[in-house]
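Peer 1: This is the structure I want to talk about, given as structure tokens.
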Amino acid sequence: MASIRATGTKPELAVRKFLFSKGYRFRKNVKSLPGKPDIVLPKYKTVILIHGCFWHGHKNCVAATIPKSNKAYWKNKIQKNMERDKRNKSTLKNLGWKVITIWECKLKNKQSFDRTMVKITENYKDIHRV
Ligand SMILES: [Zn+2]
């Protein structure tokens, strides 16, 4: 069973550490934005959301398997989370933010973590010229 999502959980820390080491500066858990995004890069008007696969209903992901007991309860709960995510994302986009979602399963091992982070930072190559 997935643990309850708290701020400053491990995958978030790893992503922050990586970004910081590459020279990115960011804000954490920005309360003034919808959904209190995990990581905000103000300079790039970009929001990075790190989604736990279970709580945010990652499609076709083993980590998002609904428990057999209380199935209806979990389904409903996760459905609501997904709807809220969708709403938050479209509000952010309407406010002019670029939204990047990282699923926790992509951060589990080093290889896929690196691949994911390279893909993200590729969008911001200009940082090296600043
Ligand atoms: Zn997943």
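Quick note on naming: the chains in the structure tokens go A, B, ... in the order shown, residues restart at 1 in each chain, and ligands are numbered from 1 in order of appearance.
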Could you give me the residues within 6 Å of ligand 1, counting only C-alpha atoms and all ligand atoms, as JSON, numbers by chain?
Peer 2: {"A": [53, 58, 61, 63, 103, 104, 105]}
Peer 1: Using all heavy atoms, can you export the residues from the last selection as a short mmCIF file (atom, residue, chain, number, x, y, z; two decimals), in the first residue's frame?
Peer 2:
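Full text of part_4.cif as output:
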data_model
loop_
_atom_site.label_atom_id
_atom_site.label_comp_id
_atom_site.auth_asym_id
_atom_site.auth_seq_id
_atom_site.Cartn_x
_atom_site.Cartn_y
_atom_site.Cartn_z
N CYS A 53 2.11 7.54 -8.08
CA CYS A 53 1.30 6.80 -9.06
C CYS A 53 -0.04 6.36 -8.49
O CYS A 53 -1.06 6.40 -9.17
CB CYS A 53 2.07 5.59 -9.57
SG CYS A 53 3.61 6.08 -10.36
N HIS A 58 -1.96 6.87 -11.97
CA HIS A 58 -1.13 6.70 -13.17
C HIS A 58 -1.69 5.57 -14.02
O HIS A 58 -1.77 4.43 -13.57
CB HIS A 58 0.32 6.41 -12.76
CG HIS A 58 1.29 6.54 -13.89
ND1 HIS A 58 2.57 6.08 -13.81
CD2 HIS A 58 1.13 7.09 -15.12
CE1 HIS A 58 3.18 6.33 -14.96
NE2 HIS A 58 2.33 6.94 -15.76
N CYS A 61 -0.11 1.63 -14.81
CA CYS A 61 1.08 1.54 -13.97
C CYS A 61 0.81 0.56 -12.83
O CYS A 61 -0.23 0.65 -12.17
CB CYS A 61 1.41 2.93 -13.42
SG CYS A 61 2.75 2.92 -12.23
N ALA A 63 2.15 0.40 -10.00
CA ALA A 63 2.14 1.09 -8.71
C ALA A 63 0.80 1.77 -8.44
O ALA A 63 0.55 2.25 -7.35
CB ALA A 63 3.26 2.12 -8.66
N TRP A 103 5.92 11.23 -13.02
CA TRP A 103 5.36 10.14 -12.23
C TRP A 103 6.46 9.50 -11.39
O TRP A 103 7.58 9.30 -11.86
CB TRP A 103 4.71 9.10 -13.14
CG TRP A 103 3.50 9.65 -13.81
CD1 TRP A 103 3.43 10.16 -15.08
CD2 TRP A 103 2.19 9.81 -13.25
NE1 TRP A 103 2.15 10.61 -15.32
CE2 TRP A 103 1.37 10.41 -14.23
CE3 TRP A 103 1.63 9.49 -12.00
CZ2 TRP A 103 0.02 10.69 -14.01
CZ3 TRP A 103 0.29 9.77 -11.77
CH2 TRP A 103 -0.50 10.37 -12.78
N GLU A 104 6.10 9.16 -10.17
CA GLU A 104 7.11 8.62 -9.24
C GLU A 104 7.77 7.34 -9.74
O GLU A 104 8.94 7.11 -9.47
CB GLU A 104 6.48 8.38 -7.86
CG GLU A 104 6.67 9.57 -6.96
CD GLU A 104 6.12 9.35 -5.56
OE1 GLU A 104 5.97 8.19 -5.14
OE2 GLU A 104 5.81 10.36 -4.92
N CYS A 105 7.03 6.54 -10.50
CA CYS A 105 7.62 5.28 -10.99
C CYS A 105 8.78 5.54 -11.95
O CYS A 105 9.63 4.68 -12.13
CB CYS A 105 6.56 4.39 -11.62
SG CYS A 105 5.76 5.09 -13.07
#
Peer 1: Step one, run DSSP on the backbone; step two, keep only residues of chain A assigned to alpha helix (DSSP H); then write them as number ranges by chain.
Peer 2: A: 10-21, 71-94, 110-121
Peer 1: Can you spit out the residues from that selection as a tab-separated table (two decimals), in the first residue's frame, using C-alpha atoms?
Peer 2:
chain	number	residue	atom	x	y	z
A	10	LYS	CA	12.12	11.25	-1.29
A	11	PRO	CA	11.45	11.47	-5.03
A	12	GLU	CA	10.76	15.19	-4.72
A	13	LEU	CA	14.01	15.70	-2.85
A	14	ALA	CA	15.95	13.80	-5.51
A	15	VAL	CA	14.45	15.94	-8.28
A	16	ARG	CA	15.18	19.15	-6.39
A	17	LYS	CA	18.74	18.07	-5.73
A	18	PHE	CA	19.25	17.27	-9.38
A	19	LEU	CA	17.81	20.58	-10.58
A	20	PHE	CA	19.81	22.54	-8.04
A	21	SER	CA	23.04	20.80	-9.06
A	71	LYS	CA	-12.35	-1.06	-4.21
A	72	ALA	CA	-15.22	1.38	-4.74
A	73	TYR	CA	-13.89	3.68	-2.04
A	74	TRP	CA	-10.40	3.85	-3.51
A	75	LYS	CA	-11.67	4.19	-7.06
A	76	ASN	CA	-13.81	7.12	-6.08
A	77	LYS	CA	-11.06	8.75	-4.05
A	78	ILE	CA	-8.47	8.47	-6.80
A	79	GLN	CA	-10.96	9.56	-9.43
A	80	LYS	CA	-11.51	12.74	-7.40
A	81	ASN	CA	-7.75	13.32	-7.14
A	82	MET	CA	-7.44	12.94	-10.91
A	83	GLU	CA	-10.23	15.40	-11.54
A	84	ARG	CA	-8.61	17.89	-9.18
A	85	ASP	CA	-5.24	17.41	-10.93
A	86	LYS	CA	-6.88	18.08	-14.27
A	87	ARG	CA	-8.55	21.24	-12.97
A	88	ASN	CA	-5.34	22.51	-11.39
A	89	LYS	CA	-3.40	21.85	-14.55
A	90	SER	CA	-5.78	23.71	-16.79
A	91	THR	CA	-5.90	26.65	-14.36
A	92	LEU	CA	-2.11	26.78	-14.32
A	93	LYS	CA	-2.00	26.67	-18.11
A	94	ASN	CA	-4.56	29.44	-18.33
A	110	LYS	CA	18.76	5.72	-11.37
A	111	GLN	CA	18.64	4.99	-15.07
A	112	SER	CA	15.04	6.01	-15.53
A	113	PHE	CA	15.50	8.94	-13.15
A	114	ASP	CA	18.36	10.27	-15.26
A	115	ARG	CA	16.46	9.72	-18.49
A	116	THR	CA	13.43	11.57	-17.13
A	117	MET	CA	15.46	14.49	-15.85
A	118	VAL	CA	17.44	14.83	-19.08
A	119	LYS	CA	14.20	14.93	-21.02
A	120	ILE	CA	12.91	17.72	-18.81
A	121	THR	CA	16.04	19.82	-18.72
Peer 1: Identify, with DSSP run on backbone atoms, the residues in chain A assigned to strand (DSSP E or B), and express the list as number ranges by chain.
Peer 2: A: 27-28, 39-41, 46-51, 98-103
Peer 1: Emit the selected residues as a compact mmCIF listing (two decimals), in the first residue's frame, including all heavy atoms.
Peer 2:
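Below you can see part.txt, which holds the result:
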# COMPACT_ATOMS: atom_id res chain seq x y z
N ARG A 27 11.24 27.36 -6.50
CA ARG A 27 10.52 27.51 -5.24
C ARG A 27 9.76 26.22 -4.97
O ARG A 27 9.42 25.48 -5.89
CB ARG A 27 9.57 28.70 -5.31
CG ARG A 27 10.34 30.02 -5.36
CD ARG A 27 9.42 31.17 -5.71
NE ARG A 27 8.40 31.34 -4.68
CZ ARG A 27 7.19 31.84 -4.92
NH1 ARG A 27 6.86 32.23 -6.12
NH2 ARG A 27 6.32 31.97 -3.94
N LYS A 28 9.53 25.94 -3.69
CA LYS A 28 8.88 24.68 -3.32
C LYS A 28 7.46 24.94 -2.81
O LYS A 28 7.22 25.93 -2.14
CB LYS A 28 9.65 23.99 -2.18
CG LYS A 28 11.08 23.69 -2.51
CD LYS A 28 11.77 23.02 -1.32
CE LYS A 28 12.13 24.04 -0.25
NZ LYS A 28 12.99 23.46 0.79
N ILE A 39 7.34 21.89 -7.27
CA ILE A 39 8.52 22.63 -7.69
C ILE A 39 8.10 23.67 -8.72
O ILE A 39 7.40 23.34 -9.68
CB ILE A 39 9.57 21.68 -8.32
CG1 ILE A 39 10.04 20.67 -7.26
CG2 ILE A 39 10.76 22.47 -8.87
CD1 ILE A 39 10.94 19.59 -7.81
N VAL A 40 8.52 24.90 -8.51
CA VAL A 40 8.18 25.98 -9.44
C VAL A 40 9.46 26.66 -9.90
O VAL A 40 10.29 27.05 -9.08
CB VAL A 40 7.24 27.00 -8.77
CG1 VAL A 40 6.98 28.19 -9.69
CG2 VAL A 40 5.92 26.36 -8.38
N LEU A 41 9.62 26.75 -11.22
CA LEU A 41 10.77 27.46 -11.79
C LEU A 41 10.26 28.79 -12.33
O LEU A 41 9.83 28.86 -13.48
CB LEU A 41 11.40 26.64 -12.93
CG LEU A 41 11.88 25.22 -12.60
CD1 LEU A 41 12.16 24.44 -13.87
CD2 LEU A 41 13.12 25.25 -11.73
N THR A 46 7.53 27.70 -15.30
CA THR A 46 7.27 26.26 -15.37
C THR A 46 7.00 25.69 -13.99
O THR A 46 7.65 26.05 -13.01
CB THR A 46 8.47 25.54 -16.00
OG1 THR A 46 8.61 25.97 -17.36
CG2 THR A 46 8.31 24.03 -15.97
N VAL A 47 6.03 24.80 -13.96
CA VAL A 47 5.65 24.11 -12.74
C VAL A 47 5.96 22.63 -12.93
O VAL A 47 5.66 22.07 -13.98
CB VAL A 47 4.14 24.34 -12.49
CG1 VAL A 47 3.54 23.27 -11.63
CG2 VAL A 47 3.89 25.73 -11.94
N ILE A 48 6.61 22.02 -11.96
CA ILE A 48 6.86 20.58 -12.03
C ILE A 48 6.05 19.90 -10.93
O ILE A 48 6.17 20.23 -9.76
CB ILE A 48 8.36 20.25 -11.88
CG1 ILE A 48 9.16 20.92 -13.01
CG2 ILE A 48 8.58 18.74 -11.89
CD1 ILE A 48 10.67 20.69 -12.93
N LEU A 49 5.21 18.98 -11.35
CA LEU A 49 4.39 18.22 -10.41
C LEU A 49 4.95 16.82 -10.32
O LEU A 49 5.14 16.16 -11.35
CB LEU A 49 2.94 18.16 -10.90
CG LEU A 49 2.26 19.49 -11.24
CD1 LEU A 49 0.91 19.22 -11.89
CD2 LEU A 49 2.09 20.36 -10.01
N ILE A 50 5.22 16.36 -9.11
CA ILE A 50 5.67 14.99 -8.94
C ILE A 50 4.50 14.20 -8.36
O ILE A 50 4.06 14.46 -7.26
CB ILE A 50 6.91 14.93 -8.04
CG1 ILE A 50 8.04 15.71 -8.73
CG2 ILE A 50 7.33 13.48 -7.80
CD1 ILE A 50 9.13 16.13 -7.82
N HIS A 51 4.01 13.28 -9.19
CA HIS A 51 2.79 12.57 -8.84
C HIS A 51 3.08 11.16 -8.34
O HIS A 51 3.72 10.37 -9.05
CB HIS A 51 1.87 12.47 -10.06
CG HIS A 51 1.02 13.70 -10.27
ND1 HIS A 51 1.05 14.79 -9.43
CD2 HIS A 51 0.11 13.98 -11.23
CE1 HIS A 51 0.18 15.69 -9.86
NE2 HIS A 51 -0.39 15.24 -10.94
N LYS A 98 3.77 26.63 -17.83
CA LYS A 98 4.01 25.35 -18.49
C LYS A 98 4.00 24.30 -17.37
O LYS A 98 4.61 24.52 -16.32
CB LYS A 98 5.38 25.40 -19.17
CG LYS A 98 5.72 24.18 -19.98
CD LYS A 98 7.08 24.42 -20.65
CE LYS A 98 7.78 23.12 -21.00
NZ LYS A 98 7.07 22.25 -21.93
N VAL A 99 3.30 23.22 -17.59
CA VAL A 99 3.16 22.22 -16.55
C VAL A 99 3.83 20.91 -16.96
O VAL A 99 3.53 20.36 -18.01
CB VAL A 99 1.67 21.95 -16.20
CG1 VAL A 99 1.53 20.91 -15.10
CG2 VAL A 99 0.97 23.25 -15.81
N ILE A 100 4.75 20.43 -16.13
CA ILE A 100 5.41 19.16 -16.38
C ILE A 100 5.02 18.20 -15.26
O ILE A 100 5.16 18.53 -14.08
CB ILE A 100 6.94 19.32 -16.39
CG1 ILE A 100 7.38 20.24 -17.55
CG2 ILE A 100 7.65 17.97 -16.49
CD1 ILE A 100 8.86 20.59 -17.52
N THR A 101 4.52 17.04 -15.63
CA THR A 101 4.17 16.04 -14.62
C THR A 101 5.21 14.94 -14.64
O THR A 101 5.51 14.38 -15.69
CB THR A 101 2.79 15.43 -14.91
OG1 THR A 101 1.83 16.49 -14.95
CG2 THR A 101 2.38 14.43 -13.85
N ILE A 102 5.77 14.63 -13.48
CA ILE A 102 6.69 13.49 -13.37
C ILE A 102 6.01 12.44 -12.49
O ILE A 102 5.60 12.73 -11.38
CB ILE A 102 8.03 13.88 -12.71
CG1 ILE A 102 8.67 15.09 -13.40
CG2 ILE A 102 8.99 12.70 -12.72
CD1 ILE A 102 9.98 15.53 -12.74
N TRP A 103 5.92 11.23 -13.02
CA TRP A 103 5.36 10.14 -12.23
C TRP A 103 6.46 9.50 -11.39
O TRP A 103 7.58 9.30 -11.86
CB TRP A 103 4.71 9.10 -13.14
CG TRP A 103 3.50 9.65 -13.81
CD1 TRP A 103 3.43 10.16 -15.08
CD2 TRP A 103 2.19 9.81 -13.25
NE1 TRP A 103 2.15 10.61 -15.32
CE2 TRP A 103 1.37 10.41 -14.23
CE3 TRP A 103 1.63 9.49 -12.00
CZ2 TRP A 103 0.02 10.69 -14.01
CZ3 TRP A 103 0.29 9.77 -11.77
CH2 TRP A 103 -0.50 10.37 -12.78
